[in-house]
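Note sheet for the following structure.
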Amino acid sequence: MKKILIIGAVGQIGSELTMALRNIYGGENVIASDINNIASEKLLKSGPFEIVDITDKNSIVSMIKKYNINIIIDLAAILSATGEKNPMLAWNVNINGLINVLEIAREYKIEQVLIPSSIAVFGPGTPIECAPQETVLHPTTMYGITKVAGELVADYYVKKYNLDVRGLRYPGIISNETLPGGGTTDYAVAIYYDAVKYGKYTCFVKEDTRLPMMYMPDCLKATIDLMQADFSSLKHHSDFNVGAMSFSVKELADSIRKYIPNFVIEYKPDFRQAIADSWPNAVDDTAAREEWGWNPSFDLDAMTQDMLKVIGEKHKQGLI
Ligand code: NAD
Ligand code: SER
């Protein structure tokens with residue numbers, strides 16, 4: 001059985017991807033790691049958990065040796081909004097951390113490395129209505145710059161060292177297990193929590209802000225489908241556009257109002273508005289559909305129903 005090391009496993013995506021992979025490959029074969037251990041009990045108890053700092057190469061190497069790792073998933077990152085407050089931290093974690101992973105993968109003959117990219121690679125010059133797979137990549141945030149550089153360096157390792165490196169440009173991910181970690185698309189999660197808890201939400205971007213988004217079950221499916229794809233059939237490697245849905249904040253609020261009719265939203269845009277405005281409304285994911293069969297399941301209404309059900313249940317139980 002393959003042994004998978006996830007770095008950044010405690011975050012919004014890692015907390016759920018770890019559990020999904022443990023269900024497939026067995027708890028003991030999926031090693032969760034992060035710089036912090038504030039994780040759910042189920043994550044800490046369903047398999048190994050280790051403290052790893054991705055910027056410290058030795059801390060990763062010791063995991064490779066201890067568990068005979070075959071696959072590394074690098075989810076450790078500083079996201080767009082936090083990255084604008086501390087650009088050098090974003091560079092250090094997102095780029096120096098990634099280089100550590102790639103160099104270790106080369107030295108220790110790791111069979112596969114998965115590195116997520118983001119819609120943050122786009123910026124001025126990218127067609128706003130639907131970002132093509134191949135297009136201008138001029139991001140305005142340090143986060144976006146690290147994601148473009150990360151895609152390029154990952155593809156370099158594929159070409160130069162024949163390393164199996166794969167990655168996908170996630171849109172904003174919406175989920176109800178772990179709160180997002182400091183991104184611009186966080187409003188699309190917070191709105192559901194505040195709708196359930198208070199019946200109102202103050203949004204930090206304007207009502208006509210429209211971005212590509214994806215519900216967590218589709219994010220997990222995309223990630224696992226790409227991991228399991230035949231490497232020789234991939235023409236792209238670290239930069240697959242993946243789309244699922246695209247909506248404005250007004251349309252999101254309207255979809256919540258179908259179930260919470262008195263829900264009220266107000267708008268107080270802050271520095272994240274400029275970041276959101278630099279990203280496209282939607283992405284063209286033809287390459288992902290053609291090369292590894294990408295096909296999302298959730299649209300806005302299906303996601304809203306599920307989010308309100310799960311968050312409503314947590315609220316009733318006093319968990320949030
Ligand atoms: P997150 O912020 O929720 O989690 C990141 C995790 O990395 C955190 O648990 C954090 O403790 C950990 N981390 C930070 N510094 C570290 C270090 N030095 N060593 C080890 N761990 C460290 O992020 P996420 O949303 O789960 O994102 C995972 C990946 O997906 C990232 O590469 C991110 O850029 C990408 N992505 C996420 C979204 C989204 O909407 N969530 C969208 C596009 C791309
Ligand atoms: N959700 C992420 C962010 O807003 C996109 O990569 O930073």
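In the structure tokens, each chain is lettered A, B, ... as it comes, each chain's residues begin at 1, and ligands are numbered from 1 in order of appearance.
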Close residues to ligand 1 using only C-alpha atoms and all ligand atoms, limit 6 Å, as a ChimeraX atom specification: /A:7-14,34-36,52-55,75-79,93,116-118,170-173,180-181
Selection near segment 212-220 of chain A, 9 Å with only C-alpha atoms, sequence-local residues under 4 positions removed, as a PyMOL selection string: chain A and resi 13+16-17+20+119+170-176+185+188+224-225+242-247+279-283+295-300+303
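Proximity of A:Leu43, A:Val101, A:Val196, A:Ala81 to Ala154 of chain A, computed with only C-alpha atoms, is greatest for A:Val101.
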Minimum-distance residue to ligand 2, chosen among A:Met307, A:Ala195, A:Val121, A:Val205 (using only C-alpha atoms and all ligand atoms): A:Val121
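With distances restricted to only C-alpha atoms and all ligand atoms, A:Leu168 is the closest residue to ligand 2 from A:Ile72, A:Ala302, A:Leu168, A:Leu152.
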Those of segment 13-176 of chain A in DSSP strand (DSSP E), formatted as number ranges by chain: A: 30-34, 49-51, 71-74, 112-114, 117-118, 165-166, 168-170, 172-174
Please produce a file of those selected residues containing C-alpha atoms, as a tab-separated table (two decimals), in the first residue's frame.
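Saved to selection39.tsv:
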chain	number	residue	atom	x	y	z
A	30	VAL	CA	-2.09	8.63	5.29
A	31	ILE	CA	0.23	10.68	7.50
A	32	ALA	CA	-1.27	14.04	8.40
A	33	SER	CA	1.19	16.79	9.27
A	34	ASP	CA	1.08	20.53	9.91
A	49	PHE	CA	-0.26	12.99	12.99
A	50	GLU	CA	3.13	14.74	13.01
A	51	ILE	CA	4.36	18.30	13.43
A	71	ILE	CA	3.33	10.36	-2.27
A	72	ILE	CA	3.58	13.93	-0.90
A	73	ILE	CA	0.63	16.36	-0.94
A	74	ASP	CA	1.71	19.94	-0.23
A	112	GLN	CA	4.05	11.48	-6.90
A	113	VAL	CA	3.80	15.05	-5.63
A	114	LEU	CA	0.50	16.95	-5.58
A	117	SER	CA	-2.50	26.09	-7.41
A	118	SER	CA	-5.26	28.71	-7.47
A	165	VAL	CA	4.13	16.40	-10.14
A	166	ARG	CA	0.45	17.31	-10.52
A	168	LEU	CA	-4.90	22.09	-10.08
A	169	ARG	CA	-6.02	25.69	-9.85
A	170	TYR	CA	-8.74	25.50	-7.22
A	172	GLY	CA	-12.72	29.48	-3.96
A	173	ILE	CA	-13.52	26.39	-1.86
A	174	ILE	CA	-16.71	26.39	0.24
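Restricting the calculation to only C-alpha atoms and all ligand atoms, the smallest distance between ligand 2 and any of A:Ile320, A:Ala90, A:Ile265, A:Leu44 is found for A:Ala90.
If only C-alpha atoms and all ligand atoms are the atoms counted, then among A:Gly125, A:Gly182, A:Pro132, A:Gly27 the closest residue to ligand 2 is A:Gly182.
With atom CA of Pro127 of chain A on one side and atom CA of Asp277 of chain A on the other, the separation reads 12.2 Å.
Distances to Gln228 of chain A were evaluated for A:Ser278, A:Ile64, A:Leu21, A:Ile99 using only C-alpha atoms, and the minimum falls at A:Leu21.
Within 12 Å of Phe204 of chain A, once only C-alpha atoms are used and residues closer than 5 positions along the same chain are dropped, the contacting residues are Ala81, Gly183, Thr184, Thr185, Asp186, Tyr187, Ala188, Ala190, Ile191, Thr209, Val249, Ile265, Glu266, Tyr267, Lys268, Pro269, Asp270, Phe271, Arg272, Gln273, Ala274, Ile275 and Ala276 of chain A.
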Let me see the file: selected residues, N, CA, C and O atoms, as a short mmCIF file (atom, residue, chain, number, x, y, z; two decimals), in the first residue's frame.
data_model
loop_
_atom_site.label_atom_id
_atom_site.label_comp_id
_atom_site.auth_asym_id
_atom_site.auth_seq_id
_atom_site.Cartn_x
_atom_site.Cartn_y
_atom_site.Cartn_z
N ALA A 81 -5.28 36.88 1.34
CA ALA A 81 -5.46 38.04 2.20
C ALA A 81 -4.35 38.10 3.26
O ALA A 81 -3.72 39.15 3.48
N GLY A 183 -8.23 33.72 3.11
CA GLY A 183 -8.28 34.01 1.68
C GLY A 183 -9.31 35.09 1.36
O GLY A 183 -10.05 35.54 2.24
N THR A 184 -9.37 35.46 0.09
CA THR A 184 -10.32 36.47 -0.36
C THR A 184 -11.70 35.87 -0.55
O THR A 184 -12.72 36.55 -0.37
N THR A 185 -11.78 34.57 -0.87
CA THR A 185 -13.08 33.94 -1.09
C THR A 185 -13.75 33.48 0.22
O THR A 185 -14.80 32.85 0.18
N ASP A 186 -13.14 33.82 1.36
CA ASP A 186 -13.69 33.38 2.66
C ASP A 186 -15.13 33.86 2.89
O ASP A 186 -15.88 33.26 3.66
N TYR A 187 -15.52 34.98 2.24
CA TYR A 187 -16.88 35.50 2.44
C TYR A 187 -17.94 34.47 2.06
O TYR A 187 -19.04 34.43 2.64
N ALA A 188 -17.61 33.62 1.07
CA ALA A 188 -18.61 32.66 0.57
C ALA A 188 -18.82 31.50 1.55
O ALA A 188 -19.75 30.71 1.38
N ALA A 190 -18.25 32.33 5.20
CA ALA A 190 -18.72 33.08 6.38
C ALA A 190 -20.20 33.44 6.24
O ALA A 190 -20.94 33.44 7.23
N ILE A 191 -20.67 33.71 5.03
CA ILE A 191 -22.06 34.12 4.82
C ILE A 191 -23.03 33.04 5.31
O ILE A 191 -24.06 33.34 5.91
N THR A 209 -19.73 41.28 -7.01
CA THR A 209 -18.46 40.54 -7.13
C THR A 209 -18.77 39.08 -7.49
O THR A 209 -19.50 38.40 -6.77
N VAL A 249 -22.14 37.78 -5.20
CA VAL A 249 -22.55 37.72 -3.79
C VAL A 249 -24.07 37.88 -3.69
O VAL A 249 -24.71 37.23 -2.88
N ILE A 265 -28.24 41.09 4.17
CA ILE A 265 -26.80 41.24 3.89
C ILE A 265 -26.50 42.72 3.69
O ILE A 265 -27.30 43.46 3.10
N GLU A 266 -25.35 43.16 4.26
CA GLU A 266 -24.88 44.51 3.96
C GLU A 266 -23.43 44.42 3.48
O GLU A 266 -22.79 43.36 3.65
N TYR A 267 -22.96 45.51 2.90
CA TYR A 267 -21.65 45.45 2.23
C TYR A 267 -20.71 46.51 2.79
O TYR A 267 -21.05 47.69 2.83
N LYS A 268 -19.52 46.06 3.21
CA LYS A 268 -18.47 47.01 3.63
C LYS A 268 -17.17 46.54 2.99
O LYS A 268 -16.35 45.84 3.63
N PRO A 269 -16.96 46.86 1.70
CA PRO A 269 -15.77 46.37 0.99
C PRO A 269 -14.47 46.85 1.66
O PRO A 269 -14.40 47.98 2.15
N ASP A 270 -13.47 45.97 1.73
CA ASP A 270 -12.16 46.36 2.26
C ASP A 270 -11.07 46.01 1.23
O ASP A 270 -11.37 45.86 0.04
N PHE A 271 -9.83 45.84 1.67
CA PHE A 271 -8.71 45.65 0.73
C PHE A 271 -8.89 44.39 -0.13
O PHE A 271 -8.29 44.27 -1.20
N ARG A 272 -9.74 43.46 0.32
CA ARG A 272 -9.93 42.22 -0.44
C ARG A 272 -10.74 42.44 -1.73
O ARG A 272 -10.72 41.62 -2.63
N GLN A 273 -11.45 43.60 -1.81
CA GLN A 273 -12.21 43.88 -3.04
C GLN A 273 -11.26 43.94 -4.25
O GLN A 273 -11.56 43.39 -5.31
N ALA A 274 -10.13 44.62 -4.08
CA ALA A 274 -9.19 44.76 -5.21
C ALA A 274 -8.65 43.39 -5.63
O ALA A 274 -8.43 43.13 -6.82
N ILE A 275 -8.44 42.51 -4.65
CA ILE A 275 -7.94 41.16 -4.99
C ILE A 275 -9.02 40.43 -5.79
O ILE A 275 -8.76 39.87 -6.86
N ALA A 276 -10.25 40.46 -5.27
CA ALA A 276 -11.36 39.77 -5.97
C ALA A 276 -11.53 40.33 -7.38
O ALA A 276 -11.75 39.58 -8.33
#
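When atom CA of Tyr259 of chain A is paired with atom CA of Lys314 of chain A, their separation reads 16.8 Å.
Here atom CA of Ile145 of chain A and atom CA of Leu211 of chain A stand 18.9 Å from one another.
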